[in-house]
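Notes follow the structure.
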Amino acid sequence: MKRSLIVTLAALSLAGGAFAAPATWKPPHNAMGQPDLEGNWTNATMTPQTRPAQYGARLAMTPEEVAKIEGAAAAQIARGNQKTDPNAPTVADGTVGGYNRGFLDPGIRVMRVGGQARTSLITTADGQVPTPRAGSKVTAAQIRDFNGSPYYLDQYGAAALYGEDQQTAQRFNNPEEMSLADRCLTSFGRNGPPPMFPNGFYNNNYVIQQSPGAVLIITEMVHDGRVIRLGTREHLPASLRPWFGDSVGWYEGDSLVVETTNFPRTQAFFGSWETLKVTERFTRVAKDRLRYSFTVEDPSVWEKPWGGEYEFSALGGLVYEYACHEGNYALPDILRGRRAEETGR
């Protein structure tokens, strides 16, 4: 079972903490003179990556909409916290069910940016990923297919390049063709690789540490460490494509700016990877709020850059080691089941 030893209640209570910085608040700097971004943070939120149709072109929710959504979440938590009959069937048909509320942390607050309740994390005019340019390898239909939970995007992010039928047929041939999540190799979805998004499920927590020559972002999901090199803007050769891409960073005023290229094919973002560039900005806007914005560029897929923003909240606890074992135990059975299906047994 995937589990995280995190102070869940503290994380939930602070996930929607103070939403706007006082007018007189000034971002602190550390002993190295850098903007102080260190700490434990969470981006868990009920606001989706792309904008639901009912909001149209609206970037912000009304107070009534916020109250309805957050009220429903509170009611769900209350139900989930009730005692469970250990002898009751998991679901109506008797099959195995999912995790109960104690193991989940999808967020209980709508995302606020500068105090404004947002309808989506992506900030294009319609809150959607832009339509690919004419002649792109990625089609508009494939972009729409990717708009499901980002928790599963590592399985389907490169479908536009592999071809969906081919990818499905190959997926159970051997362990190497299984998803990164199935193999417990890297963060699921976009928790780790930029642009970073919550997964809508759990473990959306991070630790940021700073040094003179690098910034380290530890992602709770699969305990990944993303190293951002400082002091250079030169990227690795295009033939070298590490997990999460190659990130270089520099400070501008009170912000950390990070530029990432060299993404591996298996961590494609809406089909884009080979010439994908993501530029991120991290800015402390309050004691317990960290503004995060990103710009996505890939001239082979989109006509122009686009992006989004949200704010991390301070996490009221520590991030402990995350252990992923399901893939380790399940992979042999998954592959064995495929072989049995192929032979008709």
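In the structure tokens, chains take the letters A, B, ... in the order shown, each chain's residues start at 1, and ligands count up from 1 in the order shown.
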Find the nearest atom pair between each residue of stretch 208-321 of chain A and stretch 31-35 of chain A for residues within 9 Å, count only C-alpha atoms, give distances in Å to one decimal, sort rows by chain and ascending number, and present the table as CSV.
```
residue,atom,partner,partner_atom,distance
A:Gln210,CA,A:Gln34,CA,8.6
A:Ser211,CA,A:Met32,CA,8.0
A:Pro212,CA,A:Met32,CA,6.9
A:Tyr251,CA,A:Gln34,CA,7.3
A:Gly253,CA,A:Pro35,CA,7.7
A:Asp254,CA,A:Pro35,CA,5.2
A:Ser255,CA,A:Pro35,CA,6.5
A:Leu256,CA,A:Pro35,CA,7.5
A:Thr283,CA,A:Pro35,CA,8.0
A:Arg284,CA,A:Pro35,CA,7.7
```
### Task
If you run DSSP over the backbone, which residues in stretch 199-337 of chain A end up strand (DSSP E or B)? Put them as a PyMOL selection string.
chain A and resi 205-210+214-219+224-230+246-252+255-261+269+272+277-286+289-297+306-314+322-323
Per residue of stretch 220-333 of chain A within 7 Å of stretch 194-200 of chain A, which atom pair is closest and at what distance in Å (one decimal), using only C-alpha atoms, listed by chain and increasing number, as CSV?
```
residue,atom,partner,partner_atom,distance
A:Phe244,CA,A:Pro194,CA,6.8
A:Val278,CA,A:Pro195,CA,6.6
A:Phe294,CA,A:Pro195,CA,6.4
```
Output file for the selection above: all heavy atoms, as an mmCIF file, in the first residue's frame:
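In the end it all went to again.cif:
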```
data_model
loop_
_atom_site.group_PDB
_atom_site.id
_atom_site.type_symbol
_atom_site.label_atom_id
_atom_site.label_comp_id
_atom_site.auth_asym_id
_atom_site.auth_seq_id
_atom_site.Cartn_x
_atom_site.Cartn_y
_atom_site.Cartn_z
ATOM 1 N N PHE A 244 12.665 14.522 -14.939
ATOM 2 C CA PHE A 244 12.234 15.893 -14.648
ATOM 3 C C PHE A 244 12.931 16.931 -15.518
ATOM 4 O O PHE A 244 12.777 18.128 -15.312
ATOM 5 C CB PHE A 244 12.446 16.276 -13.170
ATOM 6 C CG PHE A 244 11.828 15.329 -12.191
ATOM 7 C CD1 PHE A 244 12.254 15.301 -10.872
ATOM 8 C CD2 PHE A 244 10.829 14.453 -12.570
ATOM 9 C CE1 PHE A 244 11.693 14.414 -9.961
ATOM 10 C CE2 PHE A 244 10.262 13.566 -11.674
ATOM 11 C CZ PHE A 244 10.691 13.554 -10.364
ATOM 12 N N VAL A 278 10.044 24.865 -19.956
ATOM 13 C CA VAL A 278 9.162 25.361 -18.904
ATOM 14 C C VAL A 278 9.946 26.340 -18.050
ATOM 15 O O VAL A 278 11.040 26.023 -17.564
ATOM 16 C CB VAL A 278 8.624 24.213 -18.024
ATOM 17 C CG1 VAL A 278 7.745 24.776 -16.908
ATOM 18 C CG2 VAL A 278 7.850 23.205 -18.860
ATOM 19 N N PHE A 294 4.171 29.484 -13.955
ATOM 20 C CA PHE A 294 4.932 28.764 -14.970
ATOM 21 C C PHE A 294 4.509 29.202 -16.358
ATOM 22 O O PHE A 294 3.365 29.609 -16.598
ATOM 23 C CB PHE A 294 4.748 27.250 -14.823
ATOM 24 C CG PHE A 294 3.340 26.773 -15.075
ATOM 25 C CD1 PHE A 294 2.917 26.444 -16.356
ATOM 26 C CD2 PHE A 294 2.429 26.675 -14.039
ATOM 27 C CE1 PHE A 294 1.621 26.016 -16.598
ATOM 28 C CE2 PHE A 294 1.131 26.246 -14.264
ATOM 29 C CZ PHE A 294 0.730 25.910 -15.545
#
```
### Which of stretch 112-302 of chain A fall in helix (DSSP H, G or I), as a PyMOL selection string
chain A and resi 140-145+150-156+159-162+164-170+175-177+221-223+265-267
For those residues, write C-alpha atoms to a file as an mmCIF file, in the first residue's frame.
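Now in part.cif:
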```cif
data_model
loop_
_atom_site.group_PDB
_atom_site.id
_atom_site.type_symbol
_atom_site.label_atom_id
_atom_site.label_comp_id
_atom_site.auth_asym_id
_atom_site.auth_seq_id
_atom_site.Cartn_x
_atom_site.Cartn_y
_atom_site.Cartn_z
ATOM 1 C CA ALA A 140 -6.464 18.646 -30.379
ATOM 2 C CA ALA A 141 -8.284 15.374 -29.668
ATOM 3 C CA GLN A 142 -5.224 13.955 -27.950
ATOM 4 C CA ILE A 143 -4.837 17.117 -25.887
ATOM 5 C CA ARG A 144 -8.430 16.670 -24.695
ATOM 6 C CA ASP A 145 -7.707 13.033 -23.821
ATOM 7 C CA PRO A 150 -2.859 14.423 -13.748
ATOM 8 C CA TYR A 151 -2.273 11.504 -11.374
ATOM 9 C CA TYR A 152 -2.285 9.265 -14.450
ATOM 10 C CA LEU A 153 -0.527 11.501 -16.951
ATOM 11 C CA ASP A 154 2.747 9.633 -16.649
ATOM 12 C CA GLN A 155 0.971 6.643 -18.189
ATOM 13 C CA TYR A 156 -0.567 8.555 -21.070
ATOM 14 C CA ALA A 159 0.472 8.648 -26.192
ATOM 15 C CA ALA A 160 0.464 11.226 -28.977
ATOM 16 C CA LEU A 161 3.975 10.205 -29.889
ATOM 17 C CA TYR A 162 3.753 6.452 -29.445
ATOM 18 C CA GLU A 164 -2.480 5.197 -28.492
ATOM 19 C CA ASP A 165 -3.228 1.759 -29.981
ATOM 20 C CA GLN A 166 0.450 0.885 -30.117
ATOM 21 C CA GLN A 167 1.034 2.077 -26.568
ATOM 22 C CA THR A 168 -1.885 0.038 -25.231
ATOM 23 C CA ALA A 169 -0.712 -3.084 -27.041
ATOM 24 C CA GLN A 170 2.859 -2.737 -25.812
ATOM 25 C CA PRO A 175 8.229 -4.245 -17.143
ATOM 26 C CA GLU A 176 10.058 -1.500 -19.054
ATOM 27 C CA GLU A 177 6.896 -0.613 -20.971
ATOM 28 C CA MET A 221 5.389 11.328 -3.980
ATOM 29 C CA VAL A 222 8.026 8.618 -4.484
ATOM 30 C CA HIS A 223 10.472 10.794 -2.443
ATOM 31 C CA ARG A 265 9.957 11.197 -23.660
ATOM 32 C CA THR A 266 8.237 9.304 -20.859
ATOM 33 C CA GLN A 267 7.521 12.576 -19.028
#
```
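In this structure, atom CA of A:Cys324 sits 15.6 Å away from atom CA of A:Asn205.
Minimum atom-to-atom distance to A:Trp306, evaluated using only C-alpha atoms, belongs to A:Gly127 out of A:Gly80, A:Pro63, A:Gly127, A:Pro27.
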### Query
Given the choices A:Arg291, A:Glu65, A:Asp246, A:Ala181, which gets closest to A:His325 if the distance is worked out from only C-alpha atoms?
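Looking at the shortest contact to A:His325, the residue is A:Ala181.
The spacing separating atom CA of A:Tyr292 from atom CA of A:Thr232 amounts to 21.7 Å.
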Mind checking which residues fall within 8 Å of A:Tyr202, counting only C-alpha atoms, ignoring those fewer than 3 positions away in the same chain, and posting them as an mmCIF file with N, CA and C atoms, in the first residue's frame?
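Final output, selection-v3.cif:
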```
data_model
loop_
_atom_site.group_PDB
_atom_site.id
_atom_site.type_symbol
_atom_site.label_atom_id
_atom_site.label_comp_id
_atom_site.auth_asym_id
_atom_site.auth_seq_id
_atom_site.Cartn_x
_atom_site.Cartn_y
_atom_site.Cartn_z
ATOM 1 N N ALA A 44 -1.866 20.916 -2.421
ATOM 2 C CA ALA A 44 -3.158 20.222 -2.468
ATOM 3 C C ALA A 44 -4.286 21.240 -2.588
ATOM 4 N N PHE A 103 -6.422 7.894 4.196
ATOM 5 C CA PHE A 103 -5.220 7.759 3.383
ATOM 6 C C PHE A 103 -5.170 8.790 2.249
ATOM 7 N N LEU A 104 -6.139 9.694 2.185
ATOM 8 C CA LEU A 104 -6.221 10.639 1.077
ATOM 9 C C LEU A 104 -6.030 12.077 1.543
ATOM 10 N N ASP A 105 -5.493 12.898 0.661
ATOM 11 C CA ASP A 105 -5.356 14.327 0.926
ATOM 12 C C ASP A 105 -5.464 15.073 -0.405
ATOM 13 N N PRO A 106 -6.665 15.084 -1.005
ATOM 14 C CA PRO A 106 -6.816 15.744 -2.303
ATOM 15 C C PRO A 106 -6.936 17.256 -2.199
ATOM 16 N N ASN A 199 -1.901 16.186 -7.691
ATOM 17 C CA ASN A 199 -2.431 15.033 -8.413
ATOM 18 C C ASN A 199 -3.885 14.744 -8.110
#
```
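The list of residues with at least one atom within 8 Å of stretch 331-338 of chain A, based on only C-alpha atoms and without residues fewer than 4 positions apart in the same chain, reads Phe172, Asn173, Asn174, Pro175, Asp182, Arg183, Gly327 and Glu342 of chain A.
Proximity of A:Ser136, A:Asn204, A:Ser293, A:Thr343 to A:Gly271, computed with only C-alpha atoms, is greatest for A:Ser136.
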### Message
What's around stretch 49-56 of chain A at 6 Å? Count only C-alpha atoms, leave out sequence neighbours fewer than 4 positions away in its own chain, and write the answer as an MDAnalysis selection string.
### Response
chainID A and resid 119:122 127:128
Convert the current residue selection to file output with C-alpha atoms, as a short mmCIF file (atom, residue, chain, number, x, y, z; two decimals), in the first residue's frame.
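Saved the output as result39.cif:
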```
data_model
loop_
_atom_site.label_atom_id
_atom_site.label_comp_id
_atom_site.auth_asym_id
_atom_site.auth_seq_id
_atom_site.Cartn_x
_atom_site.Cartn_y
_atom_site.Cartn_z
CA THR A 119 -11.48 28.28 -11.24
CA SER A 120 -8.37 26.60 -12.72
CA LEU A 121 -4.61 26.45 -12.26
CA ILE A 122 -4.03 27.07 -15.96
CA GLY A 127 -8.55 27.81 -18.76
CA GLN A 128 -7.68 25.02 -21.21
#
```
